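Raw structure03.txt, compact mmCIF, C-alpha atoms:
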```
# COMPACT_ATOMS: atom_id res chain seq x y z
CA MET A 997 90.50 92.02 108.95
CA HIS A 998 91.85 90.55 105.75
CA GLU A 999 95.35 91.01 107.20
CA ALA A 1000 95.35 87.34 108.27
CA THR A 1001 94.76 86.31 104.65
CA LEU A 1002 97.55 88.62 103.51
CA ALA A 1003 99.92 87.34 106.21
CA GLU A 1004 99.24 83.76 105.17
CA SER A 1005 99.95 84.61 101.56
CA ILE A 1006 103.17 86.47 102.48
CA LEU A 1007 104.35 83.50 104.56
CA ASN A 1008 103.59 81.06 101.73
CA ILE A 1009 105.52 83.17 99.21
CA ALA A 1010 108.50 83.45 101.59
CA LEU A 1011 108.54 79.75 102.48
CA GLU A 1012 108.34 78.77 98.82
CA ALA A 1013 111.24 81.08 97.94
CA ALA A 1014 113.33 79.65 100.79
CA ARG A 1015 112.53 76.09 99.76
CA GLN A 1016 113.47 76.73 96.13
CA ASN A 1017 116.78 78.18 97.25
CA HIS A 1018 117.46 75.39 99.74
CA ALA A 1019 117.44 77.80 102.66
CA ALA A 1020 116.56 76.46 106.10
CA LYS A 1021 115.97 79.74 107.89
CA ILE A 1022 114.29 83.01 106.97
CA PHE A 1023 115.47 86.17 108.76
CA LYS A 1024 113.58 88.91 107.05
CA VAL A 1025 110.73 89.35 104.59
CA GLY A 1026 110.68 92.68 102.72
CA LEU A 1027 107.30 94.12 101.77
CA THR A 1028 106.13 97.12 99.79
CA LEU A 1029 102.72 98.36 100.86
CA GLY A 1030 100.91 101.28 99.27
CA ASP A 1031 99.22 103.78 101.56
CA MET A 1032 95.94 103.11 99.74
CA ALA A 1033 96.23 99.33 99.92
CA GLY A 1034 94.05 99.16 103.01
CA VAL A 1035 96.55 97.30 105.16
CA GLU A 1036 96.75 97.78 108.90
CA VAL A 1037 100.44 97.06 109.57
CA GLU A 1038 99.96 96.22 113.23
CA ALA A 1039 97.31 93.59 112.44
CA LEU A 1040 99.45 92.22 109.60
CA THR A 1041 102.51 91.87 111.84
CA LEU A 1042 100.48 90.22 114.57
CA ALA A 1043 98.99 87.68 112.15
CA PHE A 1044 102.40 87.00 110.59
CA ASP A 1045 103.97 86.44 114.02
CA VAL A 1046 101.29 83.87 114.88
CA LEU A 1047 101.43 82.04 111.55
CA LYS A 1048 105.24 81.83 111.29
CA LYS A 1049 105.64 79.72 114.47
CA ASN A 1050 107.36 76.37 113.90
CA THR A 1051 108.17 77.13 110.28
CA PRO A 1052 111.56 78.12 108.77
CA ALA A 1053 110.31 81.70 109.23
CA ASN A 1054 109.99 81.25 113.00
CA ASP A 1055 112.42 84.12 113.70
CA ALA A 1056 111.64 86.18 110.61
CA ARG A 1057 110.59 89.81 110.85
CA LEU A 1058 108.74 91.94 108.34
CA ALA A 1059 110.60 94.91 106.83
CA ILE A 1060 107.92 97.20 105.47
CA LYS A 1061 108.37 99.97 102.93
CA ARG A 1062 105.33 102.25 102.49
CA VAL A 1063 104.51 103.93 99.18
CA PRO A 1064 102.63 107.24 99.20
CA VAL A 1065 99.57 107.72 96.98
CA SER A 1066 100.59 109.48 93.78
CA ALA A 1067 98.56 110.33 90.74
CA ALA A 1068 99.08 111.97 87.34
CA CYS A 1069 96.75 114.45 85.66
CA ASN A 1070 95.11 113.18 82.48
CA LYS A 1071 95.31 116.68 80.98
CA CYS A 1072 98.45 118.52 82.07
CA GLY A 1073 100.39 115.37 82.94
CA LYS A 1074 101.70 116.69 86.25
CA VAL A 1075 102.23 114.14 89.01
CA PHE A 1076 101.06 114.83 92.56
CA THR A 1077 101.42 113.12 95.91
CA LEU A 1078 98.00 112.90 97.50
CA GLU A 1079 97.45 113.28 101.21
CA ARG A 1080 93.75 113.84 101.01
CA TYR A 1081 92.07 111.74 98.42
CA ASN A 1082 91.31 114.54 96.00
CA PHE A 1083 91.50 113.24 92.46
CA PHE A 1084 90.78 116.55 90.74
CA CYS A 1085 93.91 118.23 89.37
CA PRO A 1086 94.85 121.19 91.60
CA GLU A 1087 96.34 123.05 88.60
CA CYS A 1088 93.93 122.48 85.72
CA ASP A 1089 90.49 120.95 85.15
CA GLY A 1090 91.87 117.47 84.54
CA VAL A 1091 91.35 114.36 86.60
CA LEU A 1092 94.12 112.52 88.43
CA ILE A 1093 94.82 108.88 87.58
CA LEU A 1094 96.29 106.76 90.36
CA GLN A 1095 99.93 105.85 89.74
CA SER A 1096 101.09 104.39 93.02
CA GLY A 1097 99.76 103.64 96.47
CA ARG A 1098 98.00 100.33 95.85
CA GLU A 1099 101.14 98.15 96.05
CA LEU A 1100 100.99 94.84 97.88
CA LEU A 1101 104.32 93.17 97.19
CA VAL A 1102 106.80 90.78 98.70
CA ASP A 1103 110.06 92.43 97.60
CA PHE A 1104 112.64 90.06 98.97
CA VAL A 1105 113.32 87.26 101.40
CA ASP A 1106 116.50 87.23 103.44
CA CYS A 1107 117.38 83.64 104.31
CA GLU A 1108 120.17 81.09 104.55
CA MET B 392 121.31 85.57 101.11
CA GLU B 393 118.74 87.99 99.84
CA ILE B 394 116.31 86.66 97.26
CA LYS B 395 114.63 89.33 95.12
CA LEU B 396 110.99 88.43 94.51
CA MET B 397 108.72 91.42 93.70
CA LYS B 398 105.74 89.10 94.01
CA ASN B 399 102.17 90.31 94.33
CA ILE B 400 100.83 89.27 97.74
CA LEU B 401 97.39 88.72 96.21
CA GLY B 402 98.88 87.05 93.14
CA ALA B 403 97.28 83.67 93.85
CA ASN B 404 93.83 85.28 94.18
CA ASP B 405 94.34 87.50 91.13
CA GLU B 406 95.27 84.50 88.99
CA ILE B 407 91.98 82.76 89.80
CA ALA B 408 90.12 86.04 89.35
CA ALA B 409 91.56 86.28 85.82
CA GLN B 410 90.37 82.73 85.13
CA ASN B 411 86.90 83.64 86.41
CA ARG B 412 86.81 86.77 84.28
CA LYS B 413 87.75 84.76 81.18
CA MET B 414 85.08 82.19 81.91
CA PHE B 415 82.38 84.85 82.43
CA ALA B 416 83.36 86.65 79.23
CA ALA B 417 83.31 83.42 77.23
CA ARG B 418 79.78 82.69 78.49
CA GLY B 419 78.58 86.26 77.98
CA VAL B 420 77.89 86.82 81.68
CA VAL B 421 78.18 90.29 83.23
CA VAL B 422 79.20 90.15 86.88
CA MET B 423 78.51 92.79 89.52
CA ASN B 424 80.27 92.64 92.88
CA LEU B 425 77.81 94.24 95.31
CA MET B 426 79.42 95.55 98.47
CA GLY B 427 78.53 97.69 101.49
CA SER B 428 78.29 97.73 105.29
CA PRO B 429 76.15 95.26 107.21
CA GLY B 430 72.67 96.73 107.27
CA SER B 431 73.21 99.16 104.40
CA GLY B 432 70.39 97.46 102.50
CA LYS B 433 72.29 95.33 99.97
CA THR B 434 69.83 92.44 100.07
CA THR B 435 66.76 94.67 100.03
CA LEU B 436 68.18 96.60 97.07
CA LEU B 437 68.88 93.26 95.41
CA GLU B 438 65.26 92.15 95.94
CA GLN B 439 63.99 95.42 94.46
CA THR B 440 66.40 95.00 91.54
CA LEU B 441 65.16 91.47 90.85
CA THR B 442 61.53 92.65 90.92
CA ARG B 443 62.37 95.15 88.20
CA LEU B 444 64.71 93.07 86.02
CA ALA B 445 63.88 89.37 86.45
CA ASP B 446 61.45 89.35 83.49
CA LYS B 447 63.90 91.22 81.25
CA ILE B 448 67.18 89.36 81.72
CA LYS B 449 68.32 86.11 83.30
CA ILE B 450 69.85 86.84 86.68
CA ALA B 451 71.66 84.55 89.10
CA VAL B 452 72.91 85.50 92.56
CA ILE B 453 75.84 84.39 94.68
CA GLU B 454 75.24 85.28 98.34
CA GLY B 455 78.19 85.76 100.64
CA ASP B 456 77.32 85.53 104.32
CA LEU B 457 79.34 84.79 107.43
CA PHE B 458 77.15 82.02 108.82
CA THR B 459 73.54 82.00 107.65
CA ALA B 460 71.43 81.38 104.56
CA LYS B 461 68.96 84.13 105.54
CA ASP B 462 69.76 86.37 102.56
CA ALA B 463 69.82 83.46 100.10
CA GLU B 464 66.35 82.44 101.27
CA ARG B 465 65.08 85.96 100.62
CA ILE B 466 66.51 85.93 97.09
CA GLU B 467 65.17 82.45 96.39
CA ARG B 468 61.67 83.74 97.16
CA ALA B 469 62.13 86.14 94.26
CA GLY B 470 62.39 83.09 91.99
CA VAL B 471 66.03 83.57 91.06
CA GLU B 472 68.74 80.92 91.20
CA VAL B 473 70.95 81.60 94.20
CA ILE B 474 74.14 80.02 95.50
CA GLN B 475 75.12 80.47 99.11
CA ILE B 476 78.70 80.86 100.27
CA ASN B 477 79.28 80.81 104.02
CA THR B 478 82.66 82.28 104.84
CA ALA B 479 82.41 81.07 108.48
CA GLY B 480 83.75 84.32 109.88
CA GLY B 481 85.76 85.33 106.81
CA CYS B 482 85.30 89.05 106.14
CA HIS B 483 85.21 88.96 102.32
CA LEU B 484 84.69 86.73 99.29
CA ASP B 485 87.73 85.81 97.22
CA ALA B 486 88.20 84.52 93.68
CA PRO B 487 88.55 80.80 94.57
CA MET B 488 85.23 80.90 96.50
CA ILE B 489 83.50 82.35 93.45
CA GLN B 490 85.09 79.77 91.17
CA LYS B 491 83.73 76.99 93.35
CA ALA B 492 80.29 78.61 93.57
CA TYR B 493 79.67 79.15 89.86
CA ALA B 494 80.65 75.58 89.05
CA SER B 495 77.09 74.64 90.02
CA LEU B 496 75.51 77.34 87.81
CA ASP B 497 74.66 77.01 84.13
CA LEU B 498 76.47 80.18 83.06
CA ASN B 499 75.15 79.91 79.51
CA ALA B 500 71.68 80.59 80.90
CA VAL B 501 72.76 83.70 82.84
CA ASP B 502 73.01 87.31 81.61
CA LEU B 503 73.79 89.01 84.89
CA LEU B 504 75.46 87.42 87.91
CA ILE B 505 75.16 89.49 91.06
CA VAL B 506 77.58 88.61 93.85
CA GLU B 507 76.49 90.01 97.20
CA ASN B 508 79.68 90.29 99.19
CA VAL B 509 80.05 90.01 102.96
CA GLY B 510 78.93 93.20 104.73
CA ASN B 511 82.14 95.19 105.16
CA LEU B 512 83.56 98.45 103.77
CA VAL B 513 87.20 97.41 103.98
CA CYS B 514 88.25 93.93 102.91
CA PRO B 515 85.99 93.13 99.93
CA ALA B 516 87.51 96.07 98.04
CA GLU B 517 90.91 94.39 98.10
CA PHE B 518 89.88 91.11 96.53
CA ASP B 519 89.28 90.83 92.80
CA ILE B 520 86.75 88.06 92.16
CA GLY B 521 86.69 88.41 88.37
CA GLU B 522 83.75 90.83 88.27
CA ASN B 523 83.08 93.34 85.49
CA PHE B 524 82.41 96.11 87.98
CA LYS B 525 81.97 96.77 91.67
CA ALA B 526 79.00 98.55 93.23
CA VAL B 527 78.84 99.87 96.79
CA VAL B 528 75.73 100.60 98.83
CA LEU B 529 76.06 103.39 101.39
CA SER B 530 73.02 104.01 103.54
CA ILE B 531 72.05 107.41 104.90
CA THR B 532 72.25 106.24 108.52
CA GLU B 533 75.93 105.33 108.14
CA GLY B 534 76.88 108.99 107.80
CA ASP B 535 78.19 111.19 104.99
CA ASP B 536 81.80 110.89 106.21
CA LYS B 537 82.22 107.31 105.04
CA PRO B 538 83.60 107.89 101.50
CA LEU B 539 86.71 109.64 102.84
CA LYS B 540 87.03 107.18 105.74
CA TYR B 541 86.95 104.15 103.44
CA PRO B 542 88.40 105.60 100.23
CA LEU B 543 89.47 102.37 98.59
CA ILE B 544 86.01 100.82 98.22
CA PHE B 545 84.59 104.01 96.70
CA LYS B 546 87.63 104.41 94.45
CA GLU B 547 87.22 100.84 93.19
CA SER B 548 83.46 100.97 92.60
CA ALA B 549 81.92 102.00 89.29
CA THR B 550 78.78 103.09 91.12
CA VAL B 551 77.57 104.00 94.58
CA VAL B 552 73.98 103.66 95.74
CA LEU B 553 73.04 106.13 98.48
CA ASN B 554 70.28 104.09 100.05
CA LYS B 555 67.52 104.80 102.59
CA THR B 556 67.04 108.38 101.37
CA ASP B 557 63.62 108.35 103.07
CA LEU B 558 65.58 108.71 106.34
CA LEU B 559 67.32 111.93 105.28
CA PRO B 560 64.98 114.18 107.34
CA PHE B 561 65.89 112.26 110.51
CA THR B 562 69.68 112.38 110.20
CA ASN B 563 72.41 114.96 109.70
CA PHE B 564 73.55 113.26 106.50
CA ASP B 565 74.56 115.98 104.03
CA LEU B 566 73.86 114.72 100.49
CA GLN B 567 75.79 117.53 98.88
CA SER B 568 78.87 116.89 100.97
CA ALA B 569 78.68 113.12 100.34
CA ARG B 570 78.37 113.70 96.59
CA ARG B 571 81.30 116.13 96.67
CA ASP B 572 83.52 113.67 98.56
CA LEU B 573 82.56 110.79 96.25
CA THR B 574 83.36 112.71 93.08
CA THR B 575 86.56 114.09 94.56
CA LEU B 576 87.67 110.55 95.28
CA HIS B 577 86.39 109.07 92.05
CA PRO B 578 85.47 111.70 89.46
CA SER B 579 83.62 109.30 87.14
CA ILE B 580 81.64 107.40 89.81
CA LYS B 581 77.93 106.99 89.04
CA ILE B 582 75.79 108.03 92.01
CA PHE B 583 72.24 106.82 92.67
CA GLU B 584 69.90 107.93 95.45
CA THR B 585 67.42 105.24 96.39
CA SER B 586 64.85 104.31 98.99
CA CYS B 587 63.62 100.75 99.04
CA THR B 588 60.78 101.93 101.30
CA SER B 589 59.37 104.63 99.02
CA GLY B 590 60.74 103.15 95.79
CA ALA B 591 62.51 106.39 94.88
CA GLY B 592 65.42 106.04 92.47
CA LEU B 593 65.03 102.29 92.00
CA ASP B 594 63.82 102.45 88.39
CA GLU B 595 66.82 104.59 87.42
CA TRP B 596 69.16 102.16 89.16
CA ALA B 597 67.57 99.13 87.48
CA ALA B 598 67.69 100.83 84.06
CA TRP B 599 71.38 101.58 84.49
CA LEU B 600 72.10 98.00 85.50
CA LEU B 601 70.14 96.72 82.52
CA GLU B 602 72.14 98.97 80.24
CA ARG B 603 75.44 97.75 81.76
CA THR B 604 74.33 94.14 81.22
CA ALA B 605 73.28 94.66 77.61
CA ARG B 606 76.48 96.48 76.72
```
Would you write the structure of this file as C-alpha cells?
Amino acid sequence: MHEATLAESILNIALEAARQNHAAKIFKVGLTLGDMAGVEVEALTLAFDVLKKNTPANDARLAIKRVPVSAACNKCGKVFTLERYNFFCPECDGVLILQSGRELLVDFVDCE
Amino acid sequence: MEIKLMKNILGANDEIAAQNRKMFAARGVVVMNLMGSPGSGKTTLLEQTLTRLADKIKIAVIEGDLFTAKDAERIERAGVEVIQINTAGGCHLDAPMIQKAYASLDLNAVDLLIVENVGNLVCPAEFDIGENFKAVVLSITEGDDKPLKYPLIFKESATVVLNKTDLLPFTNFDLQSARRDLTTLHPSIKIFETSCTSGAGLDEWAAWLLERTAR
C-alpha cells in the first residue's frame, strides 16, 4: 500500500511543475510505470483522486504508460521480454540483466 | 501546454538515500535492510544473529514497527543499541526516516547497522534507504510460491533466508521448487536455510554476514 506515498509524490511533482510554469490548472499527468515496479494502478489512481481535491490538479487525470519487463543476456547479448520472471537466458547459459520494467516516472504535466 | 518532466517519482527518497549511503560509507558502516512478511521470524533471526556476532563486531539496530516497541525491547535485551521507528500504519521505512533515526547513533562506533523493516513483502522493496544490501526472510509456513508472487523483493535482495525449516515435515513447502524459483528470478541470490528453534543454518548465516561486514 505504498501507492498513497507514490500518489503524493506524483502530485507534488505535478504541482511544482505547474507553479514554475505559472499554470493555474492541471489537466493531465503522464506517468511511465514498469511492470515490475510493484504499482497497483487502481490503488494509485484512487489515492491520487483523493489527494488532488482542492488543488490546481482537482480535475487532473493520470495517463499511464506501462513498460514491459525486458532483459539482456550477459553472454549472447540478446534482449528478451519477460512474462514469467525467468532470468536465465533461453538461448545460451548466460544470465539476463534487467533493462526495463522498473520505471517510476512522471513524464509530463498538461496544464494551463 | 505540455511540460516534459521525466522525473523519478521516488526521486526525493532516492536523493536522501544517496546521502545516507555516503554517510555510512564515510563512517565505515555496512547496512543491511532486513525485510520479510509479518511473522516470518525477522526479529528472532536478528536475536540469533546478535548472539553469534555481538562479541565480534559492533552492531546497532534500527527497528521499524507500525505501532509498538515490542521488537526493539527484544533487541535491547541482547545488549545492542537499538533505535525504534514507529511508522504509525506506514507499510515501509523510507530514506528520510532512516536519516532521522541514525542521527542519534554514534556511527563511528558501529560496524554493522541492521535495519529491520516493517513486515511486508511488497512496499519495502521499492524504497531505497541507503543500505549496502537487502536481505529477505521467507518462512516455510508462508509457502513456496511466494518468490514468484512477490518477484521484486527477491530480485532486489542479495540474500534470502528460508526460515523455520524445522516445520518442513508439517507443510507442503517444496524446498527444491522454492530454490529453483529463487534462482530463476535472481541467479546470483545467496540462499540460507535456517531454523531458530533447532539452530540449523544459523552459524553459516552469521559467518556470511560477518564476511559481508568485513569486506
Query - Who sits within 7 Å of B:Ile400, all atoms listed in the file, same chain under 4 positions skipped, as number ranges by chain - result: A: 1002, 1005-1006, 1100-1102
Requested in this report: Taking (76.8, 93.6, 94.0) in the file's own coordinates, collect the residues within 8 Å, counting all atoms listed in the file, and hand them back as number ranges by chain.
Outcome: B: 423-426, 433, 505-508, 525-527
Tell me, counting all atoms listed in the file, for each residue of chain B within 8 Å of chain A, which pair of atoms is nearest and how far apart they are in Å to one decimal, in rows ordered by chain and increasing number, as CSV.
```
residue,atom,partner,partner_atom,distance
B:Met392,CA,A:Cys1107,CA,5.4
B:Glu393,CA,A:Asp1106,CA,4.3
B:Ile394,CA,A:Val1105,CA,5.1
B:Lys395,CA,A:Phe1104,CA,4.4
B:Leu396,CA,A:Phe1104,CA,5.0
B:Met397,CA,A:Asp1103,CA,4.2
B:Lys398,CA,A:Val1102,CA,5.1
B:Asn399,CA,A:Leu1101,CA,4.6
B:Ile400,CA,A:Leu1101,CA,5.3
B:Leu401,CA,A:Ser1005,CA,7.2
B:Cys482,CA,A:Met997,CA,6.6
B:His483,CA,A:His998,CA,7.6
B:Val513,CA,A:Gly1034,CA,7.1
B:Cys514,CA,A:His998,CA,5.7
B:Glu517,CA,A:Ala1033,CA,7.5
B:Leu539,CA,A:Tyr1081,CA,7.3
B:Pro542,CA,A:Tyr1081,CA,7.4
B:Leu543,CA,A:Met1032,CA,6.6
B:Thr575,CA,A:Asn1082,CA,5.0
B:Leu576,CA,A:Asn1082,CA,5.4
B:His577,CA,A:Phe1083,CA,6.6
B:Pro578,CA,A:Phe1083,CA,6.9
```
Draw an axis-aligned box tight on the listed atoms of stretch 568-582 of chain B, then pad every side by 8 Å and write out centre and edge lengths in Å to one decimal as lines of an AutoDock Vina configuration file.
```
center_x = 81.7
center_y = 111.9
center_z = 94.1
size_x = 27.9
size_y = 25.9
size_z = 29.8
```
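Taking atom CA of B:Ile450 and atom CA of B:Leu503 as the two end points, the separation is 4.8 Å.
Residues of protein, DNA or RNA having at least one counted atom within 10 Å of (83.3, 107.0, 92.0), given all atoms listed in the file, are B:Ala526, B:Val527, B:Pro538, B:Pro542, B:Ile544, B:Phe545, B:Lys546, B:Glu547, B:Ser548, B:Ala549, B:Thr550, B:Val551, B:Arg570, B:Asp572, B:Leu573, B:Thr574, B:Thr575, B:Leu576, B:His577, B:Pro578, B:Ser579, B:Ile580, B:Lys581, B:Ile582.
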Selection above as a file: C-alpha atoms, as a compact mmCIF listing (two decimals), in the coordinates of the input:
```txt
# COMPACT_ATOMS: atom_id res chain seq x y z
CA ALA B 526 79.00 98.55 93.23
CA VAL B 527 78.84 99.87 96.79
CA PRO B 538 83.60 107.89 101.50
CA PRO B 542 88.40 105.60 100.23
CA ILE B 544 86.01 100.82 98.22
CA PHE B 545 84.59 104.01 96.70
CA LYS B 546 87.63 104.41 94.45
CA GLU B 547 87.22 100.84 93.19
CA SER B 548 83.46 100.97 92.60
CA ALA B 549 81.92 102.00 89.29
CA THR B 550 78.78 103.09 91.12
CA VAL B 551 77.57 104.00 94.58
CA ARG B 570 78.37 113.70 96.59
CA ASP B 572 83.52 113.67 98.56
CA LEU B 573 82.56 110.79 96.25
CA THR B 574 83.36 112.71 93.08
CA THR B 575 86.56 114.09 94.56
CA LEU B 576 87.67 110.55 95.28
CA HIS B 577 86.39 109.07 92.05
CA PRO B 578 85.47 111.70 89.46
CA SER B 579 83.62 109.30 87.14
CA ILE B 580 81.64 107.40 89.81
CA LYS B 581 77.93 106.99 89.04
CA ILE B 582 75.79 108.03 92.01
```
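Nearest-residue note for B:Met414: choosing from B:Ile520, B:Ile531, B:Ala479, B:Leu457, the minimum distance belongs to B:Ile520, counting all atoms listed in the file.
All residues of protein, DNA or RNA that reach within 10 Å of B:Phe415, judged by only C-alpha atoms and not counting those fewer than 5 positions away in the chain, are Ala409, Gln410, Val420, Val421, Val422, Tyr493, Leu498, Asn499, Val501, Asp502, Leu503, Leu504, Gly521, Glu522 and Asn523 of chain B.
Taking atom CA of B:Ala591 and atom CA of B:Thr556 as the two end points, the separation is 8.2 Å.
Distance-wise, atom CA of B:Gly481 and atom CA of A:Lys1061 end up 27.2 Å apart.
Counting only C-alpha atoms, B:Ile476 has the following residues at most 8 Å away, ignoring those fewer than 6 positions along the same chain: Ile453, Glu454, Gly455, Asp456, Met488 and Ala492 of chain B.
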**Report entry** From B:Glu533, B:Glu467, B:Glu595, B:Glu602, residue lying nearest B:Leu559 [only C-alpha atoms]
**Finding:** B:Glu533
Report task. Name the closest residue to A:Ile1060 among the candidates A:Val1037, A:Leu1011, A:Ala1020, A:Leu1042; distances are taken between atoms, counting only C-alpha atoms. Result -> A:Val1037
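For B:Ser530, the non-local neighbours within 6 Å, defined as residues at least 6 positions apart in the same chain or in other chains and counting all atoms listed in the file, are Ser431, Leu553, Asn554 and Lys555 of chain B.
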Generate the output file for the selected residues, C-alpha atoms, as a CSV table (one decimal), keeping the file's coordinate frame.
```csv
chain,number,residue,atom,x,y,z
B,431,SER,CA,73.2,99.2,104.4
B,553,LEU,CA,73.0,106.1,98.5
B,554,ASN,CA,70.3,104.1,100.0
B,555,LYS,CA,67.5,104.8,102.6
```
Query - Pick from A:Arg1057, A:Asn1050, A:Asp1089, A:His1018 nearest to A:Cys1072, counting all atoms listed in the file - result: A:Asp1089
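Of the listed residues A:Ala1059, A:Glu1038, A:Gln1095, A:Pro1052, the one whose atoms come nearest to A:Phe1076 is A:Gln1095, with distances taken using all atoms listed in the file.
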